[in-house]
Amino acid sequence: MTALPLVFDAPKRGLPPRHLADLSVEERRTAVTELGEKPFRANQLSNHYFGRLTADASAMTDIPAAARARLGDALLPPLLSVVRHVSCDDNTTRKTLWRAHDGTLLESVLMRYPDRVTLCVSSQAGCGMACPFCATGQGGLERNLSTAEIVDQVRAAAAAMRDGDLGEPGRLSNIVFMGMGEPLASLRRVVAAVRRITDPAPAGFGISQRNVTVSTVGLAPAIRKLADERMQVRLAVSLHTPDDESRDTLVPVNNRWPVDEVLSAARYYADVTGRRVSIEYALIRDVNDQPWRADLLARRLRQHLGQLVHVNVIPLNPTPGSEWDASPKAVEREFVRRVNAGGVACTVRDTRGQEIAAACGQLAAEG
Ligand code: SAH
């Protein structure tokens, strides 16, 4: 028997080629000039991509055909293709599985509410933070996404809303970095993506910075760097428990940056930006839902953040292979009551998409 040749060798995984959405307005002009075109062509490309939400160069008929082809090839390489959409909640929640140029898979989730439309974006394919209750963490990190790969998830969602893919046409209003990955582990790319998302058209999509949330496991130095960007973005910290002993297991990166360091970085963020910080708390039966933990949580948050904090309790969503479960409703109610009684605002977060594995902690991008 002869050995089979390895024709299906995995392609080399890496960041995609440079794309318009990777570049600032200034860099776009330089790139266009280097391609032998007039600088104003950069503005035309930006109008199409960020204003009209199209990434298809052939549709850009205000640009002469030869230039269109040259600019399209160089600055609008295809980044993400749809593998499939799955919907639930009467088609007001839709998860999309994307394939990147190198075969990497990732997911984003679009949610329509009466008063807003939120896209949950991925900043990495997979995640290296290894939180044991999160499906993404179980799979490990595949790679960072480029700025443009993050931005293109937003473009596609904004176009889907405009085109009525989720019912009546609407407008994408909110972005949460709560999909796959740890956004602050890829800070530079994520900050650039936030600028593209929030800069007014045609530099970006013009979504309000106040409507963008960056969620982190608590990479303390990166929280401070994000604060120093002086943006009005909301910070969410996935704390999940107030004591280092249990957090060392629930959020392994706590071994590097313990609760006190995370909360003082969060305080710095609140002071610099003037915005209240959100604390995410996935409530797990008999793991982190005890009354004494609710009291300790309130105490530590008050001590570090005063009134500049709000706790979102998320009932644990089930993940494959995990024995952990959400807390009973009575336990959840008592937990929330005690945190509020301790002087810290606390509510239960609406969770969506469980039945299509689109809820918090369930994104695994399985082809
Ligand atoms: N890495 C970032 C971004 C992911 S956000 C972060 O951890 O904040 C996803 C949110 O869902 C986080 O708050 C995360 O802790 C939470 N989460 C993860 N697994 C979950 C699960 N099984 N049930 C409920 N929430 C979960």
# chains A, B, ... in the order shown; residues from 1 in each chain; ligands from 1
$ residues_near_ligand --ligand "ligand 1" --cutoff "9 Å" --atoms "only C-alpha atoms and all ligand atoms" --output "ChimeraX atom specification"
/A:120,122-123,127-129,131-137,176-185,214-218,236-240,251,279-284,313-319,322,324-326,351,359-363
$ closest_atom_pairs --of "range 127-237 of chain A" --to "range 57-77 of chain A" --cutoff "12 Å" --atoms "only C-alpha atoms" --output "JSON lines"
{"residue": "A:Ala148", "atom": "CA", "partner": "A:Leu76", "partner_atom": "CA", "distance": 9.9}
{"residue": "A:Glu149", "atom": "CA", "partner": "A:Pro77", "partner_atom": "CA", "distance": 10.9}
{"residue": "A:Asp152", "atom": "CA", "partner": "A:Leu76", "partner_atom": "CA", "distance": 10.8}
$ write_last_selection --atoms "N, CA, C and O atoms" --output "mmCIF file, in the first residue's frame"
data_model
loop_
_atom_site.group_PDB
_atom_site.id
_atom_site.type_symbol
_atom_site.label_atom_id
_atom_site.label_comp_id
_atom_site.auth_asym_id
_atom_site.auth_seq_id
_atom_site.Cartn_x
_atom_site.Cartn_y
_atom_site.Cartn_z
ATOM 1 N N ALA A 148 -10.142 44.641 9.830
ATOM 2 C CA ALA A 148 -11.161 44.608 8.768
ATOM 3 C C ALA A 148 -12.091 43.403 8.911
ATOM 4 O O ALA A 148 -13.270 43.483 8.551
ATOM 5 N N GLU A 149 -11.587 42.300 9.434
ATOM 6 C CA GLU A 149 -12.477 41.144 9.650
ATOM 7 C C GLU A 149 -13.513 41.438 10.736
ATOM 8 O O GLU A 149 -14.630 40.916 10.702
ATOM 9 N N ASP A 152 -15.926 44.096 9.008
ATOM 10 C CA ASP A 152 -16.785 43.535 7.956
ATOM 11 C C ASP A 152 -17.992 42.785 8.535
ATOM 12 O O ASP A 152 -19.037 42.710 7.892
#
$ residues_around --residues "Pro200 in chain A" --least-positions-apart "2" --cutoff "12 Å" --atoms "only C-alpha atoms" --output "short mmCIF file (atom, residue, chain, number, x, y, z; two decimals) with N, CA, C and O atoms, in the first residue's frame"
data_model
loop_
_atom_site.label_atom_id
_atom_site.label_comp_id
_atom_site.auth_asym_id
_atom_site.auth_seq_id
_atom_site.Cartn_x
_atom_site.Cartn_y
_atom_site.Cartn_z
N VAL A 25 -8.32 57.10 7.53
CA VAL A 25 -8.59 57.93 6.34
C VAL A 25 -7.27 58.34 5.67
O VAL A 25 -7.13 58.27 4.44
N SER A 46 -14.45 54.71 0.33
CA SER A 46 -15.00 54.78 1.68
C SER A 46 -16.50 55.02 1.65
O SER A 46 -17.25 54.44 2.44
N ASN A 47 -16.95 55.88 0.74
CA ASN A 47 -18.39 56.12 0.61
C ASN A 47 -19.15 54.85 0.30
O ASN A 47 -20.23 54.60 0.84
N PHE A 50 -18.35 52.22 3.68
CA PHE A 50 -18.90 52.62 4.99
C PHE A 50 -20.26 53.31 4.85
O PHE A 50 -21.07 53.24 5.78
N GLY A 51 -20.50 53.99 3.75
CA GLY A 51 -21.76 54.70 3.57
C GLY A 51 -22.84 53.80 2.98
O GLY A 51 -23.93 53.68 3.52
N VAL A 194 -13.04 49.76 16.56
CA VAL A 194 -14.00 50.67 17.21
C VAL A 194 -14.01 52.02 16.52
O VAL A 194 -15.05 52.63 16.30
N ARG A 195 -12.82 52.48 16.11
CA ARG A 195 -12.77 53.78 15.41
C ARG A 195 -13.51 53.70 14.07
O ARG A 195 -14.28 54.60 13.72
N ARG A 196 -13.31 52.63 13.31
CA ARG A 196 -14.03 52.48 12.03
C ARG A 196 -15.54 52.39 12.28
O ARG A 196 -16.34 52.89 11.51
N ILE A 197 -15.93 51.71 13.36
CA ILE A 197 -17.35 51.53 13.64
C ILE A 197 -18.00 52.85 14.03
O ILE A 197 -19.14 53.13 13.67
N THR A 198 -17.24 53.70 14.72
CA THR A 198 -17.86 54.90 15.31
C THR A 198 -17.53 56.20 14.59
O THR A 198 -18.25 57.18 14.77
N PRO A 202 -17.85 59.31 5.69
CA PRO A 202 -17.43 58.02 5.16
C PRO A 202 -16.17 57.43 5.82
O PRO A 202 -15.68 56.42 5.36
N ALA A 203 -15.68 58.06 6.91
CA ALA A 203 -14.51 57.47 7.58
C ALA A 203 -14.89 56.14 8.23
O ALA A 203 -14.11 55.20 8.29
N GLY A 204 -16.13 56.06 8.76
CA GLY A 204 -16.61 54.86 9.43
C GLY A 204 -18.12 54.77 9.32
O GLY A 204 -18.73 55.48 8.53
N PHE A 205 -18.74 53.90 10.16
CA PHE A 205 -20.19 53.69 10.07
C PHE A 205 -20.99 54.71 10.87
O PHE A 205 -22.21 54.75 10.76
N GLY A 206 -20.34 55.46 11.73
CA GLY A 206 -21.06 56.50 12.46
C GLY A 206 -21.97 56.00 13.57
O GLY A 206 -22.93 56.67 13.95
N ILE A 207 -21.68 54.82 14.13
CA ILE A 207 -22.45 54.34 15.29
C ILE A 207 -21.87 55.04 16.53
O ILE A 207 -20.66 55.19 16.66
N SER A 208 -22.74 55.47 17.43
CA SER A 208 -22.29 56.22 18.61
C SER A 208 -21.34 55.39 19.49
O SER A 208 -21.61 54.23 19.78
N GLN A 209 -20.23 56.01 19.92
CA GLN A 209 -19.30 55.29 20.81
C GLN A 209 -20.01 54.79 22.06
O GLN A 209 -19.71 53.71 22.58
#
$ closest_residue --among "A:Arg112, A:Arg143, A:Arg189, A:Arg155" --to "Asn91 in chain A" --atoms "only C-alpha atoms"
A:Arg112
$ closest_atom_pairs --of "range 295-316 of chain A" --to "range 338-346 of chain A" --cutoff "8 Å" --atoms "only C-alpha atoms" --output "JSON lines"
{"residue": "A:Asp295", "atom": "CA", "partner": "A:Val339", "partner_atom": "CA", "distance": 6.2}
{"residue": "A:Leu297", "atom": "CA", "partner": "A:Val339", "partner_atom": "CA", "distance": 7.1}
{"residue": "A:Ala298", "atom": "CA", "partner": "A:Val339", "partner_atom": "CA", "distance": 5.2}
{"residue": "A:Arg299", "atom": "CA", "partner": "A:Gly342", "partner_atom": "CA", "distance": 6.8}
{"residue": "A:Leu301", "atom": "CA", "partner": "A:Val344", "partner_atom": "CA", "distance": 7.4}
{"residue": "A:Arg302", "atom": "CA", "partner": "A:Val344", "partner_atom": "CA", "distance": 6.8}
{"residue": "A:Gln307", "atom": "CA", "partner": "A:Val344", "partner_atom": "CA", "distance": 7.0}
{"residue": "A:Val309", "atom": "CA", "partner": "A:Val344", "partner_atom": "CA", "distance": 7.1}
{"residue": "A:His310", "atom": "CA", "partner": "A:Ala345", "partner_atom": "CA", "distance": 5.0}
{"residue": "A:Val311", "atom": "CA", "partner": "A:Cys346", "partner_atom": "CA", "distance": 4.5}
{"residue": "A:Asn312", "atom": "CA", "partner": "A:Cys346", "partner_atom": "CA", "distance": 6.0}
{"residue": "A:Val313", "atom": "CA", "partner": "A:Cys346", "partner_atom": "CA", "distance": 7.2}
$ select_by_dssp --residues "range 148-354 of chain A" --states "strand (DSSP E or B)" --output "PyMOL selection string"
chain A and resi 174-177+212-216+234-238+277-284+309-315+326+345-348
$ write_last_selection --atoms "N, CA, C and O atoms" --output "short mmCIF file (atom, residue, chain, number, x, y, z; two decimals), in the first residue's frame"
data_model
loop_
_atom_site.label_atom_id
_atom_site.label_comp_id
_atom_site.auth_asym_id
_atom_site.auth_seq_id
_atom_site.Cartn_x
_atom_site.Cartn_y
_atom_site.Cartn_z
N ASN A 174 -26.29 49.17 17.96
CA ASN A 174 -25.38 48.83 19.06
C ASN A 174 -24.43 47.70 18.67
O ASN A 174 -24.81 46.79 17.95
N ILE A 175 -23.20 47.80 19.18
CA ILE A 175 -22.20 46.75 18.94
C ILE A 175 -21.68 46.28 20.29
O ILE A 175 -21.29 47.10 21.13
N VAL A 176 -21.65 44.97 20.50
CA VAL A 176 -21.02 44.44 21.70
C VAL A 176 -19.90 43.47 21.29
O VAL A 176 -20.10 42.59 20.47
N PHE A 177 -18.71 43.69 21.86
CA PHE A 177 -17.59 42.76 21.63
C PHE A 177 -17.72 41.62 22.62
O PHE A 177 -16.96 41.49 23.57
N VAL A 212 -21.30 51.24 21.95
CA VAL A 212 -20.35 50.15 21.72
C VAL A 212 -19.85 49.65 23.08
O VAL A 212 -19.46 50.45 23.94
N THR A 213 -19.91 48.34 23.29
CA THR A 213 -19.44 47.75 24.55
C THR A 213 -18.27 46.81 24.27
O THR A 213 -18.37 45.94 23.40
N VAL A 214 -17.18 47.00 25.00
CA VAL A 214 -16.04 46.08 24.93
C VAL A 214 -16.04 45.27 26.22
O VAL A 214 -15.99 45.83 27.32
N SER A 215 -16.10 43.95 26.08
CA SER A 215 -16.20 43.06 27.25
C SER A 215 -14.88 42.31 27.42
O SER A 215 -14.32 41.79 26.46
N THR A 216 -14.39 42.26 28.66
CA THR A 216 -13.09 41.63 28.89
C THR A 216 -13.11 40.71 30.12
O THR A 216 -13.86 40.96 31.07
N ARG A 234 -18.46 51.70 26.29
CA ARG A 234 -18.76 51.07 27.56
C ARG A 234 -17.82 49.88 27.80
O ARG A 234 -17.56 49.10 26.89
N LEU A 235 -17.32 49.78 29.04
CA LEU A 235 -16.48 48.65 29.41
C LEU A 235 -17.32 47.66 30.22
O LEU A 235 -18.00 48.05 31.16
N ALA A 236 -17.24 46.38 29.85
CA ALA A 236 -17.87 45.32 30.65
C ALA A 236 -16.76 44.40 31.14
O ALA A 236 -15.88 44.01 30.36
N VAL A 237 -16.77 44.09 32.42
CA VAL A 237 -15.76 43.20 32.99
C VAL A 237 -16.45 41.90 33.42
O VAL A 237 -17.39 41.93 34.21
N SER A 238 -15.97 40.79 32.88
CA SER A 238 -16.55 39.49 33.24
C SER A 238 -15.92 39.02 34.53
O SER A 238 -14.90 38.33 34.53
N VAL A 277 -19.08 51.32 34.74
CA VAL A 277 -18.57 50.04 34.22
C VAL A 277 -19.63 48.96 34.48
O VAL A 277 -20.28 48.96 35.52
N SER A 278 -19.79 48.05 33.52
CA SER A 278 -20.68 46.90 33.73
C SER A 278 -19.86 45.72 34.25
O SER A 278 -18.77 45.47 33.75
N ILE A 279 -20.41 45.03 35.21
CA ILE A 279 -19.79 43.79 35.69
C ILE A 279 -20.67 42.63 35.24
O ILE A 279 -21.88 42.62 35.52
N GLU A 280 -20.07 41.69 34.51
CA GLU A 280 -20.83 40.52 34.05
C GLU A 280 -20.65 39.41 35.08
O GLU A 280 -19.54 39.16 35.57
N TYR A 281 -21.76 38.75 35.40
CA TYR A 281 -21.72 37.70 36.42
C TYR A 281 -22.60 36.54 35.96
O TYR A 281 -23.82 36.59 36.05
N ALA A 282 -21.96 35.51 35.37
CA ALA A 282 -22.70 34.32 34.94
C ALA A 282 -23.01 33.51 36.20
O ALA A 282 -22.09 33.04 36.89
N LEU A 283 -24.27 33.40 36.51
CA LEU A 283 -24.65 32.76 37.77
C LEU A 283 -24.74 31.24 37.59
O LEU A 283 -25.50 30.75 36.75
N ILE A 284 -23.92 30.52 38.37
CA ILE A 284 -23.79 29.07 38.23
C ILE A 284 -24.23 28.40 39.53
O ILE A 284 -23.73 28.74 40.61
N VAL A 309 -20.85 51.69 38.84
CA VAL A 309 -20.87 50.28 38.46
C VAL A 309 -22.30 49.75 38.39
O VAL A 309 -23.19 50.24 39.09
N HIS A 310 -22.48 48.78 37.52
CA HIS A 310 -23.77 48.11 37.40
C HIS A 310 -23.48 46.63 37.17
O HIS A 310 -22.60 46.30 36.37
N VAL A 311 -24.18 45.74 37.87
CA VAL A 311 -23.94 44.31 37.70
C VAL A 311 -25.01 43.70 36.81
O VAL A 311 -26.21 43.89 37.03
N ASN A 312 -24.58 42.99 35.76
CA ASN A 312 -25.49 42.19 34.93
C ASN A 312 -25.33 40.73 35.32
O ASN A 312 -24.25 40.15 35.12
N VAL A 313 -26.37 40.16 35.86
CA VAL A 313 -26.36 38.73 36.14
C VAL A 313 -26.83 38.01 34.88
O VAL A 313 -27.84 38.38 34.29
N ILE A 314 -26.04 37.02 34.43
CA ILE A 314 -26.43 36.23 33.25
C ILE A 314 -26.67 34.80 33.72
O ILE A 314 -25.75 34.15 34.21
N PRO A 315 -27.91 34.31 33.62
CA PRO A 315 -28.12 32.90 33.97
C PRO A 315 -27.22 32.04 33.08
O PRO A 315 -27.18 32.25 31.87
N ALA A 326 -27.48 26.65 35.35
CA ALA A 326 -27.94 27.93 35.90
C ALA A 326 -28.52 27.71 37.30
O ALA A 326 -28.95 26.62 37.64
N ALA A 345 -26.20 48.61 41.95
CA ALA A 345 -27.28 48.33 41.00
C ALA A 345 -27.03 46.98 40.32
O ALA A 345 -25.92 46.71 39.85
N CYS A 346 -28.05 46.14 40.29
CA CYS A 346 -27.88 44.79 39.75
C CYS A 346 -29.17 44.34 39.09
O CYS A 346 -30.24 44.45 39.68
N THR A 347 -29.07 43.86 37.85
CA THR A 347 -30.25 43.34 37.14
C THR A 347 -29.87 42.04 36.43
O THR A 347 -28.68 41.75 36.24
N VAL A 348 -30.88 41.28 36.03
CA VAL A 348 -30.65 40.05 35.28
C VAL A 348 -30.69 40.39 33.80
O VAL A 348 -31.58 41.10 33.35
#
$ select_by_dssp --residues "range 84-301 of chain A" --states "helix (DSSP H, G or I)" --output "number ranges by chain"
A: 135-139, 147-162, 183-198, 209-211, 220-228, 244-250, 252-255, 259-273, 291-301
$ write_last_selection --atoms "C-alpha atoms" --output "CSV table (one decimal), in the first residue's frame"
chain,number,residue,atom,x,y,z
A,135,ALA,CA,-17.7,26.9,24.9
A,136,THR,CA,-15.4,29.3,23.0
A,137,GLY,CA,-12.7,29.0,25.8
A,138,GLN,CA,-12.9,25.2,25.6
A,139,GLY,CA,-11.7,25.2,21.9
A,147,THR,CA,-9.4,45.0,12.1
A,148,ALA,CA,-11.2,44.6,8.8
A,149,GLU,CA,-12.5,41.1,9.6
A,150,ILE,CA,-14.1,42.7,12.7
A,151,VAL,CA,-15.4,45.7,10.8
A,152,ASP,CA,-16.8,43.5,8.0
A,153,GLN,CA,-19.0,41.7,10.4
A,154,VAL,CA,-20.5,45.1,11.2
A,155,ARG,CA,-20.9,46.1,7.6
A,156,ALA,CA,-22.7,42.9,6.8
A,157,ALA,CA,-25.1,43.3,9.7
A,158,ALA,CA,-25.8,46.9,8.9
A,159,ALA,CA,-26.6,45.9,5.3
A,160,ALA,CA,-28.8,43.0,6.5
A,161,MET,CA,-30.8,45.4,8.7
A,162,ARG,CA,-31.2,47.9,5.9
A,183,PRO,CA,-11.0,41.7,22.7
A,184,LEU,CA,-8.3,43.2,25.0
A,185,ALA,CA,-5.9,40.4,23.9
A,186,SER,CA,-6.0,42.0,20.5
A,187,LEU,CA,-6.2,45.6,21.7
A,188,ARG,CA,-4.6,47.4,18.8
A,189,ARG,CA,-6.9,45.8,16.2
A,190,VAL,CA,-10.0,46.2,18.4
A,191,VAL,CA,-9.3,49.9,19.0
A,192,ALA,CA,-8.9,50.4,15.3
A,193,ALA,CA,-12.1,48.5,14.7
A,194,VAL,CA,-14.0,50.7,17.2
A,195,ARG,CA,-12.8,53.8,15.4
A,196,ARG,CA,-14.0,52.5,12.0
A,197,ILE,CA,-17.4,51.5,13.6
A,198,THR,CA,-17.9,54.9,15.3
A,209,GLN,CA,-19.3,55.3,20.8
A,210,ARG,CA,-21.7,55.1,23.7
A,211,ASN,CA,-23.5,52.3,22.0
A,220,ALA,CA,-5.8,45.0,33.8
A,221,PRO,CA,-3.0,46.8,31.9
A,222,ALA,CA,-5.1,46.6,28.6
A,223,ILE,CA,-8.1,48.1,30.4
A,224,ARG,CA,-5.9,51.1,31.4
A,225,LYS,CA,-4.7,51.4,27.8
A,226,LEU,CA,-8.2,51.3,26.5
A,227,ALA,CA,-9.1,54.1,28.9
A,228,ASP,CA,-6.2,56.2,27.6
A,244,ASP,CA,-9.6,35.2,44.1
A,245,GLU,CA,-9.8,31.7,45.3
A,246,SER,CA,-12.8,30.8,43.1
A,247,ARG,CA,-11.9,33.2,40.3
A,248,ASP,CA,-8.5,31.6,39.8
A,249,THR,CA,-10.5,28.6,38.5
A,250,LEU,CA,-13.5,30.3,36.8
A,252,PRO,CA,-7.9,31.4,34.8
A,253,VAL,CA,-6.3,34.7,33.9
A,254,ASN,CA,-7.1,35.8,37.4
A,255,ASN,CA,-3.9,34.1,38.5
A,259,VAL,CA,-9.7,40.8,41.5
A,260,ASP,CA,-8.2,43.9,43.2
A,261,GLU,CA,-6.1,44.8,40.2
A,262,VAL,CA,-9.0,44.2,37.8
A,263,LEU,CA,-11.3,46.4,39.8
A,264,SER,CA,-8.8,49.2,40.2
A,265,ALA,CA,-8.2,49.2,36.5
A,266,ALA,CA,-12.0,49.3,36.0
A,267,ARG,CA,-12.1,52.3,38.4
A,268,TYR,CA,-9.4,54.0,36.3
A,269,TYR,CA,-11.6,53.4,33.2
A,270,ALA,CA,-14.7,54.9,34.9
A,271,ASP,CA,-12.7,57.9,36.1
A,272,VAL,CA,-11.1,58.7,32.8
A,273,THR,CA,-14.2,58.1,30.7
A,291,PRO,CA,-25.8,34.7,49.5
A,292,TRP,CA,-22.4,35.5,51.1
A,293,ARG,CA,-20.9,35.9,47.7
A,294,ALA,CA,-23.6,38.4,46.8
A,295,ASP,CA,-22.7,40.4,49.9
A,296,LEU,CA,-19.0,40.2,49.2
A,297,LEU,CA,-19.5,41.2,45.6
A,298,ALA,CA,-21.4,44.3,46.6
A,299,ARG,CA,-18.8,45.2,49.2
A,300,ARG,CA,-15.9,44.9,46.9
A,301,LEU,CA,-17.6,46.8,44.1
